[in-house]
Amino acid sequence: MRKYIVAGNWKMNTTVPEGVALAKEVAQKAHSLPANVELIVAPPFTHLACVADALKGSAVALSAQNCADHEKGAYTGEVSVKMLTSVGCQYTILGHSERRQYYGETDEKLVEKTRLALEAGLKVILCVGENLDEREAGKHFEVVTAQTKAVLYNFTAEDLMHVVIAYEPVWAIGTGKTATAAQAEEIHACIRTVVAEKFGKEVADDMTILYGGSCKPSNAKELFAEPDIDGGLIGGAALKADDFIAIATSF
Ligand code: PEP
C-alpha cells in the first residue's frame with residue numbers, strides 16, 4: 001500500500017530550544033490528521049535527541065538530513081547511521097541537492113549511504129532533481145532517470161519498501177517558483193516507470209514519491225491531487241507548524 005507523507009526539512013535553521021518548541025507544536029497539531037498521512041520532521045543533527053523526546057507519544061516520525069558514508073571511525077565531523085538510530089531516527093534524507101551541490105555528494109556516495117542506512121534499519125528519503133540549466137536544455141527526464149537508476153538499481157525490491165523518493169527540481173527549491181502540478185506529475189510518473197522497469201509494477205505502485213520545491217499551503221492541494229504525487233518534502237514552510245500541518249491536510 002502506498003503511503004502518503006509530508007516531511008519537513010528544517011535544513012540549518014532553528015536553535016535547539018526553537019526546534020523543540022516547533023516539534024512540540026507540530027506533534028500537538030498532528031492529532032487532527034488522517035491516519036494514512038505520515039508526518040516526518042528532519043531537524044539538524046544537534047536537535048535530534050531533544051526533538052525525539054518532544055515527539056514522544058505522537059505519530060510524528062524523526063528524520064536526519066544526512067548520514068556518513070562510513071560505519072564508524074576516524075571521520076571527524078561525521079554522524080553515523082547507528083548514532084541516528086540510537087537517538088530514535090526512523091528516516092534519513094539523502095542526496096538533497098544542497099548536499100550534491102555544496103558538499104560533493106556523488107551517486108557512488110549515495111549508494112553507500114543508502115546501503116548503510118537500510119542495514120541499520122533507517123528508511124531513506126532519496127532526493128533527485130534537475131537544475132535550471134538541465135531543465136532549460138530539456139534534459140530533466142534524462143537527469144532524473146539517471147539519478148534514480150544510479151542509486152535504486154543497486155538495491156532489491158525488498159529494500160525499496162524502505163525508500164521514499166523526493167523529486168525536487170533545484171530551480172524550485174527556496175525560490176518561490178513551484179513546478180506546476182503537470183510538470184511535477186510527468187516527472188513523478190517517469191520515476192515510477194523507472195522503478196517498474198527494474199522491480200515490477202507492484203513495487204513501483206507501492207513507492208511513495210514526494211514533490212519538493214516551494215511547496216506551501218496554497219499550492220499543495222493541486223500538487224497532491226496528481227496521481228503520482230504522494231506528498232511533499234517541505235523546506236521553508238516546514239518551519240511554521242501551521243503551514244506544515246496545512247500542507248499535510250491538503251490530500
Ligand atoms: C527542500 O529543500 O527540500 C525544499 C523543498 O525547500 P523549499 O520548500 O523551501 O523550496
# chains A, B, ... in the order shown; residues from 1 in each chain; ligands from 1
$ select_by_dssp --residues "region 83-239 of chain A" --states "strand (DSSP E)" --output "list in words"
Tyr91, Thr92, Ile93, Leu94, Lys123, Val124, Ile125, Leu126, Cys127, Val128, Val163, Val164, Ile165, Ala166, Tyr167, Ile209, Leu210, Tyr211, Gly212, Gly231, Gly232, Leu233 and Ile234 of chain A
$ residues_near_ligand --ligand "ligand 1" --cutoff "8 Å" --atoms "only C-alpha atoms and all ligand atoms" --output "ChimeraX atom specification"
/A:8-9,11,96-98,168,172-176,178,211-216,232-238
$ closest_atom_pairs --of "region 94-129 of chain A" --to "region 189-196 of chain A" --cutoff "12 Å" --atoms "only C-alpha atoms" --output "CSV"
residue,atom,partner,partner_atom,distance
A:Cys127,CA,A:Ile191,CA,11.6
A:Val128,CA,A:Ile191,CA,9.7
A:Gly129,CA,A:Ile191,CA,10.7
$ write_last_selection --atoms "N, CA, C and O atoms" --output "CSV table (one decimal), in the first residue's frame"
chain,number,residue,atom,x,y,z
A,127,CYS,N,16.6,12.1,-2.5
A,127,CYS,CA,16.2,13.3,-3.4
A,127,CYS,C,16.9,13.2,-4.8
A,127,CYS,O,18.1,12.9,-4.9
A,128,VAL,N,16.1,13.5,-5.8
A,128,VAL,CA,16.6,13.6,-7.1
A,128,VAL,C,16.0,14.9,-7.7
A,128,VAL,O,15.0,15.4,-7.2
A,129,GLY,N,16.6,15.4,-8.8
A,129,GLY,CA,16.0,16.6,-9.4
A,129,GLY,C,17.0,17.3,-10.3
A,129,GLY,O,18.2,17.3,-10.0
$ select_by_dssp --residues "region 42-219 of chain A" --states "alpha helix (DSSP H)" --output "tab-separated table (two decimals) with C-alpha atoms, in the first residue's frame"
chain	number	residue	atom	x	y	z
A	48	LEU	CA	17.69	15.06	17.13
A	49	ALA	CA	17.80	13.69	20.69
A	50	CYS	CA	15.78	16.57	22.15
A	51	VAL	CA	13.28	16.55	19.29
A	52	ALA	CA	12.88	12.77	19.67
A	53	ASP	CA	11.91	13.46	23.27
A	54	ALA	CA	9.49	16.21	22.26
A	55	LEU	CA	7.80	13.87	19.75
A	81	VAL	CA	23.65	5.66	10.91
A	82	LYS	CA	23.96	3.89	14.26
A	83	MET	CA	24.20	7.24	16.03
A	84	LEU	CA	21.00	8.25	14.26
A	85	THR	CA	19.05	5.12	15.20
A	86	SER	CA	20.36	5.38	18.77
A	97	SER	CA	20.51	18.97	-3.97
A	98	GLU	CA	22.23	21.25	-1.46
A	99	ARG	CA	24.43	18.34	-0.43
A	100	ARG	CA	25.05	17.34	-4.04
A	101	GLN	CA	25.88	20.95	-4.97
A	102	TYR	CA	27.86	22.21	-1.93
A	107	ASP	CA	25.80	8.92	-6.68
A	108	GLU	CA	28.52	6.49	-5.51
A	109	LYS	CA	28.46	8.01	-2.02
A	110	LEU	CA	24.68	7.87	-2.03
A	111	VAL	CA	24.70	4.16	-2.81
A	112	GLU	CA	26.99	3.60	0.18
A	113	LYS	CA	24.96	5.83	2.48
A	114	THR	CA	21.72	4.17	1.39
A	115	ARG	CA	23.21	0.72	2.00
A	116	LEU	CA	24.38	1.67	5.50
A	117	ALA	CA	21.07	3.34	6.34
A	118	LEU	CA	18.96	0.38	5.23
A	119	GLU	CA	21.21	-2.09	7.04
A	132	LEU	CA	17.73	25.09	-14.14
A	133	ASP	CA	20.26	24.62	-16.97
A	134	GLU	CA	19.25	20.97	-17.30
A	135	ARG	CA	15.55	21.89	-17.35
A	136	GLU	CA	16.11	24.63	-19.95
A	140	HIS	CA	15.05	16.87	-16.96
A	141	PHE	CA	13.75	13.38	-17.72
A	142	GLU	CA	17.25	12.16	-18.56
A	143	VAL	CA	18.83	13.65	-15.40
A	144	VAL	CA	16.17	12.37	-13.02
A	145	THR	CA	16.15	8.93	-14.65
A	146	ALA	CA	19.94	8.68	-14.33
A	147	GLN	CA	19.94	9.84	-10.68
A	148	THR	CA	17.18	7.40	-9.79
A	149	LYS	CA	18.80	4.42	-11.51
A	150	ALA	CA	22.27	5.23	-10.16
A	151	VAL	CA	21.12	4.60	-6.62
A	152	LEU	CA	18.00	2.43	-6.69
A	157	ALA	CA	12.67	-4.84	-4.32
A	158	GLU	CA	12.62	-5.66	-0.60
A	159	ASP	CA	14.99	-2.74	0.10
A	160	LEU	CA	12.77	-0.39	-1.87
A	181	ALA	CA	1.33	20.18	-10.97
A	182	ALA	CA	1.63	18.94	-14.57
A	183	GLN	CA	5.42	19.44	-14.65
A	184	ALA	CA	5.82	17.58	-11.35
A	185	GLU	CA	3.40	14.80	-12.31
A	186	GLU	CA	5.19	13.93	-15.55
A	187	ILE	CA	8.49	13.51	-13.70
A	188	HIS	CA	6.86	11.51	-10.89
A	189	ALA	CA	5.27	9.21	-13.47
A	190	CYS	CA	8.67	8.84	-15.14
A	191	ILE	CA	10.31	7.89	-11.81
A	192	ARG	CA	7.59	5.30	-11.23
A	193	THR	CA	8.25	3.84	-14.68
A	194	VAL	CA	11.99	3.68	-13.97
A	195	VAL	CA	11.22	1.74	-10.79
A	196	ALA	CA	8.73	-0.53	-12.59
A	197	GLU	CA	11.24	-1.37	-15.35
A	198	LYS	CA	13.60	-2.99	-12.88
A	199	PHE	CA	11.42	-4.05	-9.95
A	201	LYS	CA	4.70	-2.63	-11.40
A	202	GLU	CA	3.67	-3.69	-7.91
A	203	VAL	CA	6.82	-2.31	-6.30
A	204	ALA	CA	6.51	0.90	-8.35
A	205	ASP	CA	2.85	1.32	-7.41
A	206	ASP	CA	3.69	0.98	-3.71
A	217	PRO	CA	-0.42	25.55	1.78
A	218	SER	CA	-1.60	27.48	-1.29
A	219	ASN	CA	-0.26	25.01	-3.87
$ closest_residue --among "A:Ala35, A:Val6, A:Ile209, A:Val41" --to "Val20 (chain A)" --atoms "only C-alpha atoms"
A:Val41
$ residues_around --residues "Pro34 (chain A)" --least-positions-apart "4" --cutoff "12 Å" --atoms "only C-alpha atoms" --output "ChimeraX atom specification"
/A:3-5,29-30,38-39,59,245,248-251
$ closest_residue --among "A:Thr14, A:Ser63, A:Thr106, A:Ser32" --to "Gly88 (chain A)" --atoms "only C-alpha atoms"
A:Ser63
$ closest_residue --among "A:Gln28, A:Asn13, A:Asn154, A:Asn36" --to "Asp230 (chain A)" --atoms "only C-alpha atoms"
A:Asn36
$ atom_distance --atom1 "CA of Val124 (chain A)" --atom2 "CA of Leu94 (chain A)"
6.7 Å
$ atom_distance --atom1 "CA of Met12 (chain A)" --atom2 "CA of Val163 (chain A)"
23.6 Å
$ atom_distance --atom1 "CA of Gly121 (chain A)" --atom2 "CA of Met161 (chain A)"
11.6 Å
$ closest_residue --among "A:Val87, A:Ile247, A:Ala137, A:Ile229" --to "Arg2 (chain A)" --atoms "only C-alpha atoms"
A:Ile229
$ residues_around --residues "Leu62 (chain A)" --least-positions-apart "2" --cutoff "7 Å" --atoms "only C-alpha atoms" --output "JSON, numbers by chain"
{"A": [40, 41, 42, 52, 60, 89, 90, 91]}
